[in-house]
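S.K.: This is my_file26.cif (mmCIF, C-alpha atoms and all ligand atoms).
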data_entry
loop_
_atom_site.label_atom_id
_atom_site.label_comp_id
_atom_site.auth_asym_id
_atom_site.auth_seq_id
_atom_site.Cartn_x
_atom_site.Cartn_y
_atom_site.Cartn_z
CA MET A 1 -10.74 44.67 38.01
CA ASN A 2 -9.62 46.73 35.00
CA LEU A 3 -12.72 48.40 33.63
CA SER A 4 -12.52 50.75 30.62
CA THR A 5 -12.63 54.35 31.75
CA LYS A 6 -15.39 56.66 30.57
CA LYS A 7 -12.73 58.54 28.53
CA ASP A 8 -11.56 55.30 26.79
CA ILE A 9 -15.10 54.71 25.64
CA GLN A 10 -15.83 58.33 24.77
CA HIS A 11 -12.81 58.40 22.44
CA LEU A 12 -14.00 55.43 20.40
CA ARG A 13 -15.15 57.07 17.21
CA GLN A 14 -15.38 55.93 13.61
CA GLU A 15 -15.91 58.11 10.57
CA TYR A 16 -18.18 56.58 7.92
CA ARG A 17 -17.22 57.50 4.38
CA SER A 18 -17.54 54.49 2.10
CA ALA A 19 -20.94 55.09 0.48
CA SER A 20 -24.08 57.20 0.31
CA LEU A 21 -27.79 56.58 -0.11
CA SER A 22 -30.07 58.90 -2.03
CA GLU A 23 -33.77 59.01 -2.79
CA ASN A 24 -32.77 58.92 -6.47
CA ASP A 25 -30.90 55.59 -6.36
CA ILE A 26 -32.96 53.71 -3.79
CA HIS A 27 -35.31 51.11 -5.25
CA VAL A 28 -39.01 52.01 -4.93
CA ASN A 29 -39.67 48.50 -3.62
CA PRO A 30 -38.00 48.14 -0.17
CA MET A 31 -37.81 44.34 -0.52
CA VAL A 32 -35.70 44.78 -3.68
CA GLN A 33 -33.56 47.36 -1.88
CA PHE A 34 -33.07 44.93 1.03
CA GLN A 35 -32.11 42.17 -1.41
CA GLN A 36 -29.53 44.49 -2.97
CA TRP A 37 -27.94 45.44 0.37
CA PHE A 38 -28.09 41.83 1.57
CA ASP A 39 -26.26 40.69 -1.59
CA GLU A 40 -23.66 43.39 -1.02
CA ALA A 41 -23.21 42.23 2.59
CA LEU A 42 -22.73 38.64 1.31
CA GLN A 43 -20.28 39.70 -1.40
CA GLY A 44 -18.53 42.12 0.98
CA GLY A 45 -17.55 39.22 3.23
CA VAL A 46 -19.67 40.33 6.21
CA LYS A 47 -19.56 37.51 8.79
CA GLU A 48 -23.07 36.12 9.42
CA PRO A 49 -24.83 38.74 7.24
CA ASN A 50 -28.15 37.13 8.15
CA ALA A 51 -27.63 37.76 11.89
CA MET A 52 -30.07 40.36 13.19
CA THR A 53 -31.43 41.65 16.48
CA LEU A 54 -35.10 40.94 17.06
CA ALA A 55 -36.84 43.26 19.52
CA THR A 56 -40.17 42.26 21.01
CA ALA A 57 -42.23 43.60 23.90
CA ASP A 58 -44.76 42.21 26.32
CA LEU A 59 -48.26 43.64 26.72
CA LYS A 60 -47.04 46.20 29.26
CA GLY A 61 -44.53 47.45 26.67
CA LYS A 62 -41.47 46.02 28.48
CA PRO A 63 -38.96 45.35 25.66
CA SER A 64 -36.48 42.51 25.12
CA ALA A 65 -33.99 41.82 22.33
CA ARG A 66 -31.79 38.98 21.09
CA THR A 67 -29.72 37.96 18.05
CA LEU A 68 -31.32 35.52 15.59
CA LEU A 69 -30.51 34.24 12.13
CA LEU A 70 -32.77 35.30 9.28
CA LYS A 71 -33.64 32.15 7.32
CA GLY A 72 -35.47 33.62 4.35
CA PHE A 73 -37.27 36.56 2.82
CA ASP A 74 -39.71 36.93 -0.02
CA GLU A 75 -42.66 39.14 -0.93
CA ARG A 76 -44.53 37.88 2.19
CA GLY A 77 -41.85 38.96 4.65
CA PHE A 78 -38.85 37.85 6.72
CA SER A 79 -38.62 34.47 8.45
CA PHE A 80 -36.68 32.96 11.34
CA PHE A 81 -36.97 29.81 13.48
CA THR A 82 -37.03 29.39 17.21
CA ASN A 83 -38.74 27.88 20.24
CA TYR A 84 -42.35 29.04 20.56
CA GLU A 85 -42.15 28.70 24.37
CA SER A 86 -39.15 31.05 24.70
CA ARG A 87 -39.45 34.59 26.04
CA LYS A 88 -39.70 35.95 22.48
CA GLY A 89 -42.37 33.34 21.71
CA ARG A 90 -44.39 34.31 24.77
CA GLU A 91 -44.07 38.01 23.99
CA LEU A 92 -45.08 37.52 20.36
CA ALA A 93 -48.17 35.62 21.52
CA GLU A 94 -49.17 38.70 23.59
CA ASN A 95 -48.01 41.43 21.23
CA SER A 96 -47.32 40.50 17.63
CA PHE A 97 -45.42 43.72 16.76
CA ALA A 98 -41.65 43.39 16.51
CA THR A 99 -38.56 45.00 14.97
CA MET A 100 -35.62 43.35 13.22
CA LEU A 101 -32.30 45.17 13.07
CA PHE A 102 -29.42 44.27 10.76
CA PHE A 103 -26.07 46.01 11.43
CA TRP A 104 -23.46 45.52 8.72
CA LEU A 105 -20.50 47.43 10.14
CA ASP A 106 -18.16 46.63 7.25
CA LEU A 107 -20.59 48.37 4.90
CA GLU A 108 -21.45 51.10 7.44
CA ARG A 109 -25.11 50.15 7.09
CA GLN A 110 -28.07 49.44 9.32
CA VAL A 111 -31.54 48.30 8.29
CA THR A 112 -34.54 48.16 10.60
CA ILE A 113 -37.75 46.41 9.64
CA GLU A 114 -40.93 46.70 11.69
CA GLY A 115 -44.25 44.92 11.48
CA PRO A 116 -46.55 42.27 12.87
CA ILE A 117 -45.26 38.72 13.18
CA GLU A 118 -47.20 35.51 12.62
CA ARG A 119 -46.25 31.85 12.84
CA LEU A 120 -45.18 30.12 9.62
CA SER A 121 -47.33 27.17 8.64
CA TYR A 122 -46.57 23.80 10.25
CA GLU A 123 -45.56 22.45 6.81
CA GLU A 124 -43.01 25.24 6.25
CA SER A 125 -41.54 24.74 9.72
CA VAL A 126 -41.25 20.97 9.26
CA ALA A 127 -39.65 21.40 5.84
CA TYR A 128 -36.97 23.68 7.31
CA PHE A 129 -36.53 21.54 10.45
CA HIS A 130 -35.52 18.57 8.32
CA GLU A 131 -33.04 20.62 6.33
CA ARG A 132 -31.07 21.34 9.51
CA PRO A 133 -28.14 19.10 10.45
CA ARG A 134 -29.16 16.06 12.55
CA GLU A 135 -27.38 17.43 15.66
CA SER A 136 -29.37 20.68 15.40
CA GLN A 137 -32.61 18.68 15.16
CA ILE A 138 -31.65 16.75 18.30
CA GLY A 139 -30.61 20.09 19.87
CA ALA A 140 -34.16 21.36 19.44
CA TRP A 141 -35.35 18.45 21.63
CA VAL A 142 -32.58 18.95 24.18
CA SER A 143 -33.11 22.69 24.62
CA ARG A 144 -36.32 23.81 26.27
CA GLN A 145 -35.27 27.39 25.56
CA ASP A 146 -35.49 29.64 28.64
CA VAL A 147 -36.33 26.90 31.18
CA ARG A 148 -34.05 27.36 34.24
CA LEU A 149 -31.36 24.65 34.58
CA ASP A 150 -29.69 23.65 37.84
CA SER A 151 -26.50 22.82 35.95
CA ARG A 152 -24.98 22.30 32.49
CA ALA A 153 -24.80 18.55 33.29
CA ILE A 154 -28.59 18.33 32.90
CA LEU A 155 -28.26 19.55 29.32
CA GLU A 156 -25.51 17.00 28.61
CA GLN A 157 -27.66 14.19 30.07
CA GLN A 158 -30.58 15.29 27.89
CA LEU A 159 -28.30 15.22 24.85
CA VAL A 160 -27.30 11.61 25.60
CA TYR A 161 -30.97 10.72 26.22
CA PHE A 162 -32.29 12.16 22.95
CA THR A 163 -29.31 10.97 20.87
CA GLN A 164 -30.06 7.38 22.05
CA LYS A 165 -33.82 7.83 21.70
CA PHE A 166 -33.51 8.85 18.02
CA ASP A 167 -30.60 6.50 17.27
CA ASN A 168 -32.66 4.13 15.15
CA GLU A 169 -34.93 6.77 13.63
CA SER A 170 -34.05 7.96 10.14
CA ILE A 171 -36.35 10.99 10.53
CA ILE A 172 -36.37 12.99 13.75
CA PRO A 173 -39.82 14.48 14.44
CA MET A 174 -40.10 18.24 14.97
CA PRO A 175 -40.97 19.19 18.57
CA ASP A 176 -44.38 20.87 18.73
CA TYR A 177 -42.87 23.85 20.59
CA TRP A 178 -40.47 24.61 17.72
CA GLY A 179 -41.09 26.43 14.43
CA GLY A 180 -40.88 29.50 12.28
CA TYR A 181 -42.19 33.04 12.33
CA LEU A 182 -42.77 35.56 9.55
CA LEU A 183 -42.43 39.31 10.04
CA LYS A 184 -44.68 41.17 7.60
CA PRO A 185 -42.95 44.51 7.03
CA GLN A 186 -44.85 47.79 7.43
CA ARG A 187 -41.83 50.06 7.91
CA PHE A 188 -38.22 49.88 6.69
CA GLU A 189 -35.37 52.20 7.48
CA PHE A 190 -32.18 52.04 5.41
CA TRP A 191 -29.28 53.79 7.15
CA GLN A 192 -25.97 54.55 5.49
CA GLY A 193 -23.14 56.02 7.60
CA ARG A 194 -21.73 59.33 6.31
CA PRO A 195 -18.96 61.67 7.47
CA ALA A 196 -19.49 64.11 10.36
CA ARG A 197 -22.48 62.13 11.63
CA LEU A 198 -24.59 63.41 8.72
CA HIS A 199 -25.83 59.95 7.88
CA ASP A 200 -28.42 59.06 5.22
CA ARG A 201 -31.69 57.64 6.51
CA ILE A 202 -34.42 56.65 4.07
CA VAL A 203 -37.71 55.32 5.43
CA PHE A 204 -40.44 53.34 3.69
CA GLU A 205 -43.83 53.26 5.40
CA GLN A 206 -47.00 51.44 4.57
CA MET A 207 -50.20 52.60 6.26
CA ALA A 208 -51.75 49.13 5.94
CA LEU A 209 -50.50 45.77 4.67
CA GLY A 210 -50.63 45.62 0.86
CA LYS A 211 -50.86 49.44 0.43
CA ASP A 212 -48.30 51.57 -1.45
CA TRP A 213 -45.01 52.51 0.21
CA THR A 214 -44.29 56.16 1.03
CA ILE A 215 -40.62 57.16 0.99
CA SER A 216 -39.12 59.90 3.17
CA ARG A 217 -35.73 61.03 4.44
CA LEU A 218 -35.10 61.51 8.15
CA SER A 219 -32.58 63.82 9.73
CA PRO A 220 -29.68 61.76 11.12
C1 LIG A 301 -25.33 34.75 16.12
C2 LIG A 301 -26.51 34.18 16.88
C3 LIG A 301 -27.52 33.53 16.19
C4 LIG A 301 -28.62 33.01 16.86
N1 LIG A 301 -29.64 32.45 16.13
C5 LIG A 301 -30.74 31.99 16.77
C6 LIG A 301 -31.86 31.51 16.03
O1 LIG A 301 -31.88 31.52 14.77
N2 LIG A 301 -32.93 31.03 16.72
C7 LIG A 301 -32.97 31.05 18.09
O2 LIG A 301 -33.97 30.62 18.65
N3 LIG A 301 -31.95 31.53 18.82
C8 LIG A 301 -30.83 32.01 18.20
N4 LIG A 301 -29.80 32.53 18.93
C9 LIG A 301 -29.95 32.59 20.42
C10 LIG A 301 -30.80 33.81 20.81
O3 LIG A 301 -30.02 35.00 20.73
C11 LIG A 301 -31.42 33.72 22.19
O4 LIG A 301 -30.43 33.50 23.18
C12 LIG A 301 -32.48 32.62 22.31
O5 LIG A 301 -33.27 32.55 21.13
C13 LIG A 301 -33.38 32.88 23.52
O6 LIG A 301 -34.02 34.14 23.35
P1 LIG A 301 -35.24 34.66 24.24
O7 LIG A 301 -35.02 34.16 25.63
O8 LIG A 301 -35.14 36.16 24.19
O9 LIG A 301 -36.50 34.16 23.62
C14 LIG A 301 -28.70 33.09 18.29
C15 LIG A 301 -27.67 33.76 18.98
C16 LIG A 301 -26.60 34.30 18.29
C17 LIG A 301 -25.53 35.04 19.07
#
How does the structure come out when it is put into structure tokens?
Ligand SMILES: Cc1cc2nc3c(=O)[nH]c(=O)nc-3n(C[C@H](O)[C@H](O)[C@H](O)COP(=O)(O)O)c2cc1C

M.R.:
Amino acid sequence: MNLSTKKDIQHLRQEYRSASLSENDIHVNPMVQFQQWFDEALQGGVKEPNAMTLATADLKGKPSARTLLLKGFDERGFSFFTNYESRKGRELAENSFATMLFFWLDLERQVTIEGPIERLSYEESVAYFHERPRESQIGAWVSRQDVRLDSRAILEQQLVYFTQKFDNESIIPMPDYWGGYLLKPQRFEFWQGRPARLHDRIVFEQMALGKDWTISRLSP
């Protein structure tokens, strides 16, 4: 087995020099600032700019993380869709606090967003469910996310079963274990890579939902 040596890994190093972030140019509304950086990630050709890492924790504080696709954001918060019975779903039911992390390497930027998460309404989840391609809707029935499988063949059999089951249905119903979540932001950190590891980090914090944002700079 050819594993990378510690030295190979230690020598991986990238200097960040393409942009800067200052208290003077950042927008006072972090949602507007996020929109601006998201647009720049889209225009900059970042692959899957809406991919982010969602970190959750159980009641004992044991963390877990996974990649998800952001499916929308507005003044209420940031939304994504998943299986409510998955590990993340179970952890969010115990402990609603979570963190989303976007890493846009091409722009040398990272954004973290923290806050409580709640389920989107049934109507909003159904509306999005039916916008997904038909195969993805069937996929939601096939995948009981996080249930242990004895083999891949079981998944393939389930796919055949549900494809036939819904063959004559023009509208596929949404499984009751599937739907959306909304993260209501209470803290944002905008991180811009700078040379010599002297990165810019600007934080927005809100003491309670709906209160004013305080802005501060953190040492890198
Ligand atoms: C690029 C990418 C996008 C993904 N998007 C989603 C998503 O939007 N919803 C989802 O449930 N899982 C998505 N997944 C799969 C999750 O990372 C994860 O495997 C799954 O949700 C189970 O997570 P859990 O066991 O921690 O709950 C995505 C994975 C990748 C790599």

S.K.: Please check which protein, DNA or RNA residues sit within 6 Å of ligand LIG 301 (chain A), counting only C-alpha atoms and all ligand atoms, and write them as a PyMOL selection string.

M.R.: chain A and resi 51+66-69+81-83+86-88+146

S.K.: Tell me, in Å to one decimal, how far atom CA of A:Lys165 is from atom CA of A:Ser143.

M.R.: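 A separation of 15.2 Å between them.
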
S.K.: So, counting only C-alpha atoms, which residue among A:Tyr16, A:Phe73, A:Tyr177, A:Phe162 is closest to A:Pro30?

M.R.: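 Checking each of A:Tyr16, A:Phe73, A:Tyr177, A:Phe162 against A:Pro30, counting only C-alpha atoms, the winner is A:Phe73.
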
S.K.: Show me, as a PyMOL selection string, the residues that have an atom within 8 Å of A:Gln206 when counting all atoms listed in the file, minus same-chain residues fewer than 6 positions from it.

M.R.: chain A and resi 186-187+212-214

S.K.: Find the residue from A:Asp106, A:Glu205, A:Glu118, A:Glu189 that sits nearest to A:Tyr84; use all atoms listed in the file when measuring.

M.R.: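 Smallest distance to A:Tyr84 is found for A:Glu118.
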
S.K.: Hey, which bits of stretch 49-135 of chain A sit within 10 Å of stretch 18-28 of chain A, and for each residue what's the closest pair of atoms and how far apart in Å (one decimal), counting all atoms listed in the file, rows by chain and increasing number, as a Markdown table?

M.R.:
| residue | atom | partner | partner_atom | distance |
| --- | --- | --- | --- | --- |
| A:Asp106 | CA | A:Ser18 | CA | 9.4 |
| A:Leu107 | CA | A:Ser18 | CA | 7.4 |
| A:Glu108 | CA | A:Ser18 | CA | 7.4 |
| A:Arg109 | CA | A:Ala19 | CA | 9.2 |

S.K.: Keeping C-alpha atoms, export the residues of the selection given above as a PDB file, in the frame of the given file.

M.R.:
ATOM      1  CA  ASP A 106     -18.160  46.630   7.250  1.00  0.00           C
ATOM      2  CA  LEU A 107     -20.590  48.370   4.900  1.00  0.00           C
ATOM      3  CA  GLU A 108     -21.450  51.100   7.440  1.00  0.00           C
ATOM      4  CA  ARG A 109     -25.110  50.150   7.090  1.00  0.00           C
TER       5      ARG A 109
END

S.K.: For A:Gly193, which residue out of A:Gln43, A:Gln110, A:Gln36, A:Gln10 is the nearest one, using all atoms listed in the file?

M.R.: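 Looking at the shortest contact to A:Gly193, the residue is A:Gln110.
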
S.K.: Could you work out how far atom CA of A:Gly77 lies from atom CA of A:Lys184, giving the answer in Å with one decimal?

M.R.: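 According to the coordinates, atom CA of A:Lys184 and atom CA of A:Gly77 are separated by 4.6 Å.
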
S.K.: Rank nothing, just name the residue among A:Arg134, A:Lys71, A:Lys62, A:Arg144 nearest to A:Asn95, using all atoms listed in the file.

M.R.: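 The answer is A:Lys62, which sits nearest to A:Asn95.
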
S.K.: Could you name the residues that touch stretch 122-129 of chain A at 10 Å or less, counting only C-alpha atoms, but leaving out those on the same chain fewer than 2 positions away, as an NGL selection string?

M.R.: :A and (71 or 80-82 or 119-120 or 131-134 or 136-137 or 140 or 172-176 or 178-181)

S.K.: Atom CA of A:Trp37 and atom CA of A:Leu70 are how many Å apart?

M.R.: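 Rounded to one decimal, the two atoms are 14.3 Å apart.
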
S.K.: Hey, which of A:His130, A:Lys7, A:Ile202, A:Arg13 ends up closest to A:Ser170? Count only C-alpha atoms.

M.R.: A:His130

S.K.: Fewer than 3 positions away in the same chain doesn't count, so skip those; otherwise give me all residues within 12 Å of A:Arg197, counting all atoms listed in the file, as JSON, numbers by chain.

M.R.: {"A": [13, 14, 15, 16, 17, 108, 191, 192, 193, 194, 200, 201, 219, 220]}
